[in-house]
file upload-v8.txt (compact mmCIF, N, CA and C atoms)
# COMPACT_ATOMS: atom_id res chain seq x y z
N MET R 1 -8.62 -2.63 -19.20
CA MET R 1 -7.67 -1.58 -19.43
C MET R 1 -6.27 -2.16 -19.23
N PRO R 2 -5.40 -2.02 -20.23
CA PRO R 2 -4.05 -2.56 -20.10
C PRO R 2 -3.23 -1.78 -19.07
N ALA R 3 -2.35 -2.50 -18.40
CA ALA R 3 -1.50 -1.89 -17.38
C ALA R 3 -0.29 -1.24 -18.04
N THR R 4 0.06 -0.06 -17.54
CA THR R 4 1.25 0.62 -18.04
C THR R 4 2.49 0.00 -17.40
N GLY R 5 3.64 0.30 -17.95
CA GLY R 5 4.89 -0.19 -17.37
C GLY R 5 5.08 0.30 -15.95
N GLU R 6 4.69 1.55 -15.70
CA GLU R 6 4.81 2.13 -14.35
C GLU R 6 3.92 1.38 -13.36
N LEU R 7 2.69 1.07 -13.77
CA LEU R 7 1.79 0.33 -12.88
C LEU R 7 2.35 -1.05 -12.56
N ILE R 8 2.87 -1.72 -13.56
CA ILE R 8 3.46 -3.06 -13.34
C ILE R 8 4.64 -2.96 -12.38
N ARG R 9 5.48 -1.93 -12.55
CA ARG R 9 6.62 -1.75 -11.65
C ARG R 9 6.15 -1.53 -10.21
N LEU R 10 5.12 -0.71 -10.04
CA LEU R 10 4.59 -0.45 -8.70
C LEU R 10 3.97 -1.72 -8.10
N MET R 11 3.30 -2.50 -8.91
CA MET R 11 2.71 -3.75 -8.43
C MET R 11 3.81 -4.73 -8.01
N ASN R 12 4.94 -4.70 -8.70
CA ASN R 12 6.07 -5.54 -8.30
C ASN R 12 6.61 -5.12 -6.94
N TYR R 13 6.59 -3.81 -6.65
CA TYR R 13 6.98 -3.33 -5.32
C TYR R 13 6.06 -3.92 -4.25
N ILE R 14 4.78 -3.99 -4.55
CA ILE R 14 3.82 -4.56 -3.59
C ILE R 14 4.13 -6.03 -3.37
N ASP R 15 4.48 -6.75 -4.44
CA ASP R 15 4.89 -8.15 -4.29
C ASP R 15 6.11 -8.26 -3.37
N ASP R 16 7.05 -7.32 -3.52
CA ASP R 16 8.23 -7.32 -2.65
C ASP R 16 7.85 -7.07 -1.19
N ILE R 17 6.91 -6.16 -0.97
CA ILE R 17 6.44 -5.89 0.39
C ILE R 17 5.80 -7.15 0.98
N ALA R 18 4.97 -7.82 0.18
CA ALA R 18 4.31 -9.04 0.66
C ALA R 18 5.34 -10.11 1.01
N THR R 19 6.39 -10.23 0.19
CA THR R 19 7.46 -11.20 0.48
C THR R 19 8.15 -10.86 1.79
N THR R 20 8.42 -9.58 2.00
CA THR R 20 9.05 -9.14 3.25
C THR R 20 8.16 -9.46 4.44
N LEU R 21 6.86 -9.21 4.32
CA LEU R 21 5.94 -9.50 5.42
C LEU R 21 5.86 -11.00 5.71
N ARG R 22 5.94 -11.83 4.67
CA ARG R 22 5.96 -13.28 4.89
C ARG R 22 7.22 -13.69 5.64
N ARG R 23 8.35 -13.07 5.29
CA ARG R 23 9.61 -13.38 5.99
C ARG R 23 9.53 -12.97 7.46
N ILE R 24 8.95 -11.81 7.71
CA ILE R 24 8.77 -11.37 9.09
C ILE R 24 7.87 -12.34 9.83
N SER R 25 6.76 -12.71 9.22
CA SER R 25 5.82 -13.64 9.86
C SER R 25 6.48 -14.98 10.17
N ALA R 26 7.32 -15.45 9.26
CA ALA R 26 8.00 -16.73 9.48
C ALA R 26 9.01 -16.64 10.62
N SER R 27 9.51 -15.46 10.90
CA SER R 27 10.51 -15.26 11.97
C SER R 27 9.89 -15.09 13.34
N ILE R 28 8.61 -14.79 13.40
CA ILE R 28 7.96 -14.48 14.69
C ILE R 28 8.10 -15.61 15.71
N PRO R 29 7.92 -16.87 15.35
CA PRO R 29 8.04 -17.93 16.37
C PRO R 29 9.41 -17.98 17.05
N ALA R 30 10.45 -17.52 16.38
CA ALA R 30 11.80 -17.56 16.96
C ALA R 30 12.14 -16.29 17.75
N MET R 31 11.23 -15.34 17.77
CA MET R 31 11.49 -14.07 18.45
C MET R 31 10.99 -14.09 19.88
N THR R 32 11.62 -13.29 20.72
CA THR R 32 11.14 -13.15 22.10
C THR R 32 9.94 -12.21 22.11
N GLN R 33 9.25 -12.20 23.23
CA GLN R 33 8.10 -11.31 23.37
C GLN R 33 8.54 -9.84 23.22
N GLU R 34 9.69 -9.50 23.80
CA GLU R 34 10.21 -8.14 23.71
C GLU R 34 10.55 -7.77 22.26
N GLU R 35 11.17 -8.71 21.55
CA GLU R 35 11.51 -8.45 20.14
C GLU R 35 10.25 -8.24 19.31
N CYS R 36 9.25 -9.07 19.56
CA CYS R 36 7.97 -8.91 18.85
C CYS R 36 7.36 -7.54 19.11
N ALA R 37 7.37 -7.14 20.37
CA ALA R 37 6.80 -5.84 20.75
C ALA R 37 7.57 -4.70 20.07
N ARG R 38 8.90 -4.78 20.10
CA ARG R 38 9.73 -3.72 19.50
C ARG R 38 9.53 -3.66 17.98
N LEU R 39 9.47 -4.82 17.33
CA LEU R 39 9.28 -4.83 15.89
C LEU R 39 7.88 -4.33 15.53
N GLY R 40 6.89 -4.74 16.31
CA GLY R 40 5.53 -4.26 16.07
C GLY R 40 5.43 -2.75 16.19
N GLU R 41 6.06 -2.19 17.20
CA GLU R 41 6.06 -0.74 17.39
C GLU R 41 6.81 -0.05 16.25
N TYR R 42 7.92 -0.63 15.84
CA TYR R 42 8.70 -0.07 14.73
C TYR R 42 7.87 -0.02 13.45
N ILE R 43 7.17 -1.11 13.17
CA ILE R 43 6.30 -1.16 11.98
C ILE R 43 5.18 -0.14 12.11
N ARG R 44 4.57 -0.07 13.27
CA ARG R 44 3.45 0.84 13.51
C ARG R 44 3.85 2.30 13.27
N LYS R 45 5.08 2.66 13.66
CA LYS R 45 5.54 4.04 13.53
C LYS R 45 6.11 4.35 12.15
N SER R 46 6.30 3.35 11.33
CA SER R 46 6.88 3.55 10.01
C SER R 46 5.98 4.43 9.15
N GLU R 47 6.57 5.42 8.53
CA GLU R 47 5.81 6.32 7.65
C GLU R 47 6.52 6.43 6.31
N PRO R 48 5.78 6.41 5.23
CA PRO R 48 4.34 6.25 5.22
C PRO R 48 3.97 4.80 5.54
N SER R 49 2.87 4.63 6.20
CA SER R 49 2.41 3.29 6.53
C SER R 49 1.70 2.68 5.33
N TYR R 50 1.60 1.38 5.35
CA TYR R 50 0.89 0.66 4.29
C TYR R 50 -0.54 1.18 4.19
N GLU R 51 -1.17 1.32 5.36
CA GLU R 51 -2.57 1.78 5.41
C GLU R 51 -2.71 3.21 4.88
N SER R 52 -1.77 4.09 5.22
CA SER R 52 -1.88 5.47 4.74
C SER R 52 -1.75 5.55 3.22
N VAL R 53 -0.93 4.70 2.65
CA VAL R 53 -0.78 4.68 1.19
C VAL R 53 -2.06 4.16 0.54
N VAL R 54 -2.65 3.12 1.12
CA VAL R 54 -3.91 2.60 0.58
C VAL R 54 -5.00 3.67 0.65
N GLN R 55 -5.07 4.39 1.77
CA GLN R 55 -6.06 5.47 1.89
C GLN R 55 -5.81 6.57 0.86
N HIS R 56 -4.56 6.90 0.63
CA HIS R 56 -4.21 7.91 -0.36
C HIS R 56 -4.63 7.46 -1.76
N LEU R 57 -4.38 6.20 -2.09
CA LEU R 57 -4.79 5.66 -3.38
C LEU R 57 -6.31 5.72 -3.54
N GLU R 58 -7.03 5.32 -2.50
CA GLU R 58 -8.49 5.35 -2.57
C GLU R 58 -9.01 6.76 -2.72
N SER R 59 -8.42 7.70 -2.00
CA SER R 59 -8.81 9.10 -2.09
C SER R 59 -8.52 9.65 -3.49
N ALA R 60 -7.35 9.34 -4.02
CA ALA R 60 -7.00 9.81 -5.36
C ALA R 60 -7.94 9.22 -6.41
N GLY R 61 -8.30 7.96 -6.23
CA GLY R 61 -9.22 7.32 -7.16
C GLY R 61 -10.58 7.99 -7.17
N LYS R 62 -11.07 8.35 -5.99
CA LYS R 62 -12.36 9.05 -5.90
C LYS R 62 -12.26 10.43 -6.52
N ASP R 63 -11.16 11.13 -6.27
CA ASP R 63 -10.96 12.47 -6.84
C ASP R 63 -10.93 12.40 -8.37
N LEU R 64 -10.21 11.43 -8.91
CA LEU R 64 -10.11 11.29 -10.36
C LEU R 64 -11.46 10.91 -10.97
N ALA R 65 -12.21 10.05 -10.29
CA ALA R 65 -13.52 9.66 -10.80
C ALA R 65 -14.45 10.87 -10.84
N GLY R 66 -14.37 11.71 -9.81
CA GLY R 66 -15.20 12.92 -9.78
C GLY R 66 -14.84 13.88 -10.89
N LYS R 67 -13.55 14.04 -11.17
CA LYS R 67 -13.09 14.94 -12.24
C LYS R 67 -13.52 14.40 -13.60
N GLU R 68 -13.45 13.09 -13.80
CA GLU R 68 -13.87 12.50 -15.07
C GLU R 68 -15.37 12.69 -15.27
N LYS R 69 -16.14 12.56 -14.20
CA LYS R 69 -17.58 12.75 -14.29
C LYS R 69 -17.91 14.20 -14.65
N GLU R 70 -17.17 15.15 -14.05
CA GLU R 70 -17.37 16.56 -14.36
C GLU R 70 -17.08 16.85 -15.83
N LYS R 71 -16.01 16.24 -16.36
CA LYS R 71 -15.67 16.43 -17.77
C LYS R 71 -16.77 15.89 -18.68
N GLU R 72 -17.31 14.73 -18.32
CA GLU R 72 -18.38 14.13 -19.11
C GLU R 72 -19.60 15.03 -19.13
N GLN R 73 -19.94 15.57 -17.97
CA GLN R 73 -21.12 16.43 -17.88
C GLN R 73 -20.89 17.75 -18.61
N ALA R 74 -19.70 18.27 -18.61
CA ALA R 74 -19.38 19.52 -19.30
C ALA R 74 -19.44 19.32 -20.81
N GLY R 75 -19.15 18.11 -21.26
CA GLY R 75 -19.16 17.82 -22.69
C GLY R 75 -20.54 17.59 -23.24
N LYS R 76 -21.54 17.48 -22.41
CA LYS R 76 -22.91 17.20 -22.88
C LYS R 76 -23.60 18.45 -23.33
call {"tool": "encode", "arguments": {"input": "upload-v8.txt", "output": "structure tokens"}}
result
Amino acid sequence: MPATGELIRLMNYIDDIATTLRRISASIPAMTQEECARLGEYIRKSEPSYESVVQHLESAGKDLAGKEKEKEQAGK
């Protein structure tokens, strides 16, 4: 299935997030223990979280698959 322009744009956002996380990871050795703890807590409290968005995508995918299956069965 070909990707739409919107999907490609969203995937580019994910690439940007990955780049940011690599930059953060590269900075960790130069950080103090307190700075690491504060940044970790800041990331943990960030909303929406990376994990919550992944869960939302998975949930939406299941919902859409169920609706498509219902349409197929109604058409039979």
call {"tool": "atom_distance", "arguments": {"input": "upload-v8.txt", "atom1": "CA of Leu39 (chain R)", "atom2": "CA of Ser25 (chain R)"}}
result
11.2 Å
call {"tool": "select_by_dssp", "arguments": {"input": "upload-v8.txt", "residues": "region 25-76 of chain R", "states": "alpha helix (DSSP H)", "output": "PyMOL selection string"}}
result
chain R and resi 25-27+33-45+50-74
call {"tool": "atom_distance", "arguments": {"input": "upload-v8.txt", "atom1": "CA of Ala60 (chain R)", "atom2": "CA of Ala18 (chain R)"}}
result
22.8 Å
call {"tool": "residues_around", "arguments": {"input": "upload-v8.txt", "residues": "region 20-24 of chain R", "least_positions_apart": "4", "cutoff": "12 Å", "atoms": "only C-alpha atoms", "output": "ChimeraX atom specification"}}
result
/R:13-16,28-31,35-36,39-40,43,50
call {"tool": "atom_distance", "arguments": {"input": "upload-v8.txt", "atom1": "atom N of Ser49 (chain R)", "atom2": "CA of Ile17 (chain R)"}}
result
12.5 Å
